[in-house]
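Structure record follows, encoded as structure tokens.
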Amino acid sequence: MNFWQITLDLLGGFGLTALLFVLTLLFAIPLGLLLSFCSMSKYQPVKKITRVLIWIVRGIPLMLLVCMIYYLPGLLGTGTINIFDKMDRYFTALMGSSELLYYGSFVAVLIAFVINYACYFSEIFRGGIESVPQGQYEAGQVLGLTKGQIFSKIILKQVIKRILPPMSNEIITLVKDTALANVIAIPEIIKRAKDMAATQALTWPLFYTAVFYLLFVGFVTILLGYAEKRLSYFKA
Amino acid sequence: MFLEVRKLEKSFGGTSVLKGVDFTLEKGQVLSILGSSGSGKTTLLRCINALETADGGEIYVAGNKIFDAAHKDKLKNILNFGFVFQSFNLFPQYTAFENVTLAPILHIKDECKKQKKTKAERERLIREAEEKAKILLTKVGLADKMDSYPCQLSGGQQQRVSIARALALSPDVLCFDEPTSALDPEITGEVLKIIKELAAEDMTMIIVTHEMNFARDVSDKIIFMDNGVIAAEGSPEEIFGKNDNERLHSFLSSFYTGD
Ligand SMILES: Nc1ncnc2c1ncn2[C@@H]1O[C@H](COP(=O)(O)OP(=O)(O)OP(=O)(O)O)[C@@H](O)[C@H]1O
Ligand SMILES: [Mg+2]
């Protein structure tokens, strides 16, 4: 394999990484917001259950969570048949592919990532929401605004400003956590580089792989820095 | 009677903070509320403004019952009061101008949607609200600060914006909770001056304050609260003049010997 072929192969793996990253953010942010509301709920059972759930998820290593989600349907169902595995085989047949496709496994990883990150995000959101002074809500209230208006027009932007630094940390961690997809044999970039080392005795692609991560993290950092700058015009 | 508060009661977790407060206020009058710390002044204002729900009592504005502790859920949502906070509570992400126009414009949008008004009509109402905001900010002396964010304004300026913000909704009664307590002594004057101007224009106001001279000058009526009840009530002359109320006497003398 020449440099180009290797670059393309790694890029293919990195595409999966990027896809997992984007989809996780897309689902985990709204779910995290919902969880943060539940964890601040006036209804004690809702609040307690949500907080216990968050405690459990945050207490389990993400790698284990990925495996657990992947094997959960098998555990619940009839023995060894795994729905994610079945999906892999189904799509492989459907697409007439010679290699086993991994759509099902990808879904399992995505579910685990969304659950994990939604829980982390929800704690950040809760901290951000709770740190906005009560006076902001009261000022909205005495101006006759509805709860929804107070949240969307007054609170939200202050929360975003406050949570951006901790969210940046989490998001950069997410970029790197995507590597965990390879525990259930999804051919993301690191798995491909390792395979090259194992089957072709090529070790430099592993080092080359780091460049992909660095560039991606650099890009994400610039984007988040830009967002922080956009919100720096006010103090909250 | 324009405003009438009857038998207002409020307790927090078993401690009774308001123990049946009654008072009335005529349109265009200024009422000051005095009293030592913890006597329930803020709680009274907050109950009137629906920031707290009173446990007992009724409130009437211009003969309409706007609050009845016996039917808590009904009778709300009539925007009769404006509130100026001790700590301003301006919205940090909005300019002075936007702080003033935010609520009026949201109300206009809601109203137009409800009444299915045309876009042109809505635009006209919004322009009116913006004009009014400019007039109000000019009135409080901030014509040149309309586009400043709260973090760029001094405490006194912020408090003046918050007065303009409350006035933008044309409240029937404007309430102040120690509007100058968070300000440096040398700039309390600029806020008190505005309140005096409003009084001269016959704005109906309720002012909780520790500024005794100001209260004496501006008020038509003064209430002295002590431990959740009105311990004395009267004109400034009656309150600050000779009287035989023991508690009021010691409260006032603490102010004049204090510094
Ligand atoms: N949300 C609350 N929960 C519990 N207790 C409260 C609450 N709000 C007020 N209180 C209590 O009610 C009493 C009256 O408080 P309030 O703030 O009305 O006094 P105040 O007259 O405004 O005093 P100050 O001059 O210090 O502002 C105090 O003892 C206070 O601790
Ligand atoms: Mg108070």
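The way I read the labels, and the way they are meant: chains A, B, ... in the order of the structure tokens, residue 1 as the first residue of every chain, and ligand 1 as the first ligand shown, with later ones counted on from there.
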Which protein, DNA or RNA residues have an atom within 12 Å of ligand 1, counting only C-alpha atoms and all ligand atoms, as a PyMOL selection string? (chain A and resi 134) or (chain B and resi 9-19+33-47+51-54+85-87+176-179+181-182+207-211+224-230)
With a distance threshold of 12 Å and counting only C-alpha atoms, extract the residues of chain B near chain A and express them as a PyMOL selection string. chain B and resi 45-52+76-95+98-110+148-153+162-171+174-175
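Around Pro187 (chain A), within 9 Å and counting only C-alpha atoms, the residues found are A:Gly12, A:Gly13, A:Leu16, A:Tyr102, A:Ala181, once anything fewer than 6 positions away on its own chain is removed.
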So that I can see what lies close to Ile163 (chain A), please list as an mmCIF file with C-alpha atoms, in the first residue's frame the residues with an atom at most 10 Å from it, counting only C-alpha atoms and leaving out residues fewer than 4 positions away in the same chain.
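selection25.cif, written as the output of this step:
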data_model
loop_
_atom_site.group_PDB
_atom_site.id
_atom_site.type_symbol
_atom_site.label_atom_id
_atom_site.label_comp_id
_atom_site.auth_asym_id
_atom_site.auth_seq_id
_atom_site.Cartn_x
_atom_site.Cartn_y
_atom_site.Cartn_z
ATOM 1 C CA PHE A 121 -24.139 17.236 29.191
ATOM 2 C CA ILE A 124 -23.300 20.756 32.677
ATOM 3 C CA PHE A 125 -26.667 22.167 31.598
ATOM 4 C CA ARG A 126 -28.036 21.852 35.122
ATOM 5 C CA GLY A 127 -25.031 23.672 36.541
ATOM 6 C CA GLY A 128 -25.419 26.385 33.919
ATOM 7 C CA ILE A 129 -29.137 26.810 34.449
ATOM 8 C CA SER A 131 -26.073 29.432 38.124
ATOM 9 C CA LYS A 157 -28.173 32.797 26.165
ATOM 10 C CA GLN A 158 -26.737 33.304 29.641
ATOM 11 C CA VAL A 159 -26.688 29.547 30.126
ATOM 12 C CA MET A 167 -18.909 21.901 27.034
ATOM 13 C CA SER A 168 -15.751 22.511 25.020
ATOM 14 C CA GLU A 228 -17.113 31.987 23.001
#
For region 39-51 of chain A, please output as a PyMOL selection string all residues within 10 Å (counting only C-alpha atoms; exclusion window: fewer than 5 positions along the same chain). chain A and resi 33-34+56-57+119+122-123+126+129-130
Close residues, region 238-243 of chain B itself excluded, 12 Å, only C-alpha atoms, min 4 positions apart in chain, as number ranges by chain: B: 32-35, 212-213, 215-217, 219-225, 231-234, 247-253, 255-256
Expressed in Å to a single decimal, how great is the separation between CA of Arg160 (chain B) and CA of Val61 (chain B)? 26.1 Å
8 Å contact set for region 83-86 of chain A, only C-alpha atoms, chain neighbours under 2 positions out, as a ChimeraX atom specification: /A:70,73-74,81,88-90,103-105,107-108
Writing out the chosen residues with all heavy atoms as a CSV table (one decimal), in the first residue's frame:
chain,number,residue,atom,x,y,z
A,70,TYR,N,-24.4,-3.3,23.2
A,70,TYR,CA,-24.2,-4.2,22.1
A,70,TYR,C,-24.8,-5.6,22.4
A,70,TYR,O,-25.5,-6.2,21.6
A,70,TYR,CB,-22.8,-4.3,21.6
A,70,TYR,CG,-22.6,-5.2,20.4
A,70,TYR,CD1,-23.0,-4.7,19.2
A,70,TYR,CD2,-22.0,-6.4,20.5
A,70,TYR,CE1,-22.8,-5.5,18.0
A,70,TYR,CE2,-21.8,-7.2,19.4
A,70,TYR,CZ,-22.2,-6.7,18.2
A,70,TYR,OH,-22.0,-7.5,17.0
A,73,PRO,N,-29.5,-6.7,23.8
A,73,PRO,CA,-30.6,-7.3,23.1
A,73,PRO,C,-30.5,-8.9,23.2
A,73,PRO,O,-31.5,-9.6,23.4
A,73,PRO,CB,-30.5,-6.9,21.7
A,73,PRO,CG,-29.7,-5.6,21.7
A,73,PRO,CD,-28.8,-5.8,22.8
A,74,GLY,N,-29.3,-9.3,23.1
A,74,GLY,CA,-29.0,-10.8,23.2
A,74,GLY,C,-29.4,-11.3,24.6
A,74,GLY,O,-30.0,-12.3,24.7
A,81,ILE,N,-28.9,-14.5,19.8
A,81,ILE,CA,-29.2,-13.7,18.6
A,81,ILE,C,-29.2,-12.3,18.9
A,81,ILE,O,-29.9,-11.8,19.8
A,81,ILE,CB,-30.5,-14.1,17.9
A,81,ILE,CG1,-30.5,-15.6,17.5
A,81,ILE,CG2,-30.8,-13.2,16.7
A,81,ILE,CD1,-31.8,-16.2,17.3
A,88,ASP,N,-26.3,-6.0,11.0
A,88,ASP,CA,-25.0,-6.0,10.2
A,88,ASP,C,-25.2,-7.0,9.0
A,88,ASP,O,-24.9,-6.7,7.9
A,88,ASP,CB,-23.8,-6.5,11.1
A,88,ASP,CG,-23.4,-5.4,12.0
A,88,ASP,OD1,-23.8,-4.2,11.8
A,88,ASP,OD2,-22.6,-5.6,12.9
A,89,ARG,N,-25.6,-8.2,9.4
A,89,ARG,CA,-25.8,-9.3,8.3
A,89,ARG,C,-26.8,-8.9,7.3
A,89,ARG,O,-26.6,-9.1,6.1
A,89,ARG,CB,-26.1,-10.6,9.0
A,89,ARG,CG,-25.0,-11.2,9.8
A,89,ARG,CD,-25.4,-12.4,10.6
A,89,ARG,NE,-24.5,-12.6,11.7
A,89,ARG,CZ,-23.2,-13.0,11.5
A,89,ARG,NH1,-22.8,-13.4,10.4
A,89,ARG,NH2,-22.4,-13.1,12.6
A,90,TYR,N,-27.9,-8.3,7.8
A,90,TYR,CA,-29.0,-7.9,6.9
A,90,TYR,C,-28.5,-6.9,5.8
A,90,TYR,O,-28.7,-7.1,4.6
A,90,TYR,CB,-30.2,-7.3,7.7
A,90,TYR,CG,-31.3,-6.8,6.8
A,90,TYR,CD1,-32.2,-7.6,6.2
A,90,TYR,CD2,-31.4,-5.4,6.7
A,90,TYR,CE1,-33.2,-7.1,5.4
A,90,TYR,CE2,-32.4,-4.8,5.9
A,90,TYR,CZ,-33.3,-5.7,5.3
A,90,TYR,OH,-34.3,-5.2,4.5
A,103,TYR,N,-23.4,-1.5,10.1
A,103,TYR,CA,-24.4,-0.5,10.4
A,103,TYR,C,-25.0,-0.8,11.8
A,103,TYR,O,-25.2,0.1,12.6
A,103,TYR,CB,-25.5,-0.5,9.4
A,103,TYR,CG,-25.1,-0.1,8.0
A,103,TYR,CD1,-25.0,-1.0,7.0
A,103,TYR,CD2,-24.7,1.2,7.8
A,103,TYR,CE1,-24.6,-0.7,5.7
A,103,TYR,CE2,-24.2,1.6,6.5
A,103,TYR,CZ,-24.2,0.6,5.5
A,103,TYR,OH,-23.8,1.0,4.2
A,104,GLY,N,-25.3,-2.0,12.1
A,104,GLY,CA,-26.0,-2.4,13.3
A,104,GLY,C,-25.0,-2.1,14.5
A,104,GLY,O,-25.5,-1.5,15.5
A,105,SER,N,-23.8,-2.5,14.4
A,105,SER,CA,-22.8,-2.2,15.5
A,105,SER,C,-22.7,-0.7,15.7
A,105,SER,O,-22.6,-0.2,16.8
A,105,SER,CB,-21.5,-2.8,15.1
A,105,SER,OG,-21.6,-4.1,14.6
A,107,VAL,N,-25.0,1.5,15.2
A,107,VAL,CA,-26.1,2.0,16.0
A,107,VAL,C,-25.9,1.7,17.4
A,107,VAL,O,-26.2,2.6,18.3
A,107,VAL,CB,-27.4,1.3,15.4
A,107,VAL,CG1,-28.6,1.6,16.4
A,107,VAL,CG2,-27.7,1.8,14.0
A,108,ALA,N,-25.4,0.5,17.8
A,108,ALA,CA,-25.2,0.2,19.2
A,108,ALA,C,-24.2,1.2,19.8
A,108,ALA,O,-24.4,1.7,20.9
A,108,ALA,CB,-24.6,-1.2,19.3
So that I can check the secondary structure, give me every residue of region 41-250 of chain B assigned helix (DSSP H, G or I) by backbone DSSP, as an MDAnalysis selection string. chainID B and resid 41:48 69:71 96:114 119:139 143:145 150:152 155:167 185:200 212:218 236:240 246:250
I need the residues of region 23-139 of chain B that end up classed as strand (DSSP E) by DSSP on the backbone, written out as number ranges by chain. B: 23-25, 30-35, 56-61, 64-68, 81-84
Using only C-alpha atoms and all ligand atoms for the distances, tell me which of B:Ser154, B:Ser254, B:Thr180, B:Thr204 is nearest to ligand 2. B:Thr180
Which is closest to Gly20 (chain B) among B:Ala62, B:Phe97, B:Gly57, B:Leu3, if we use only C-alpha atoms? B:Gly57
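If you look at CA of Gln5 (chain A) and CA of Phe216 (chain A), they are 20.5 Å away from each other.
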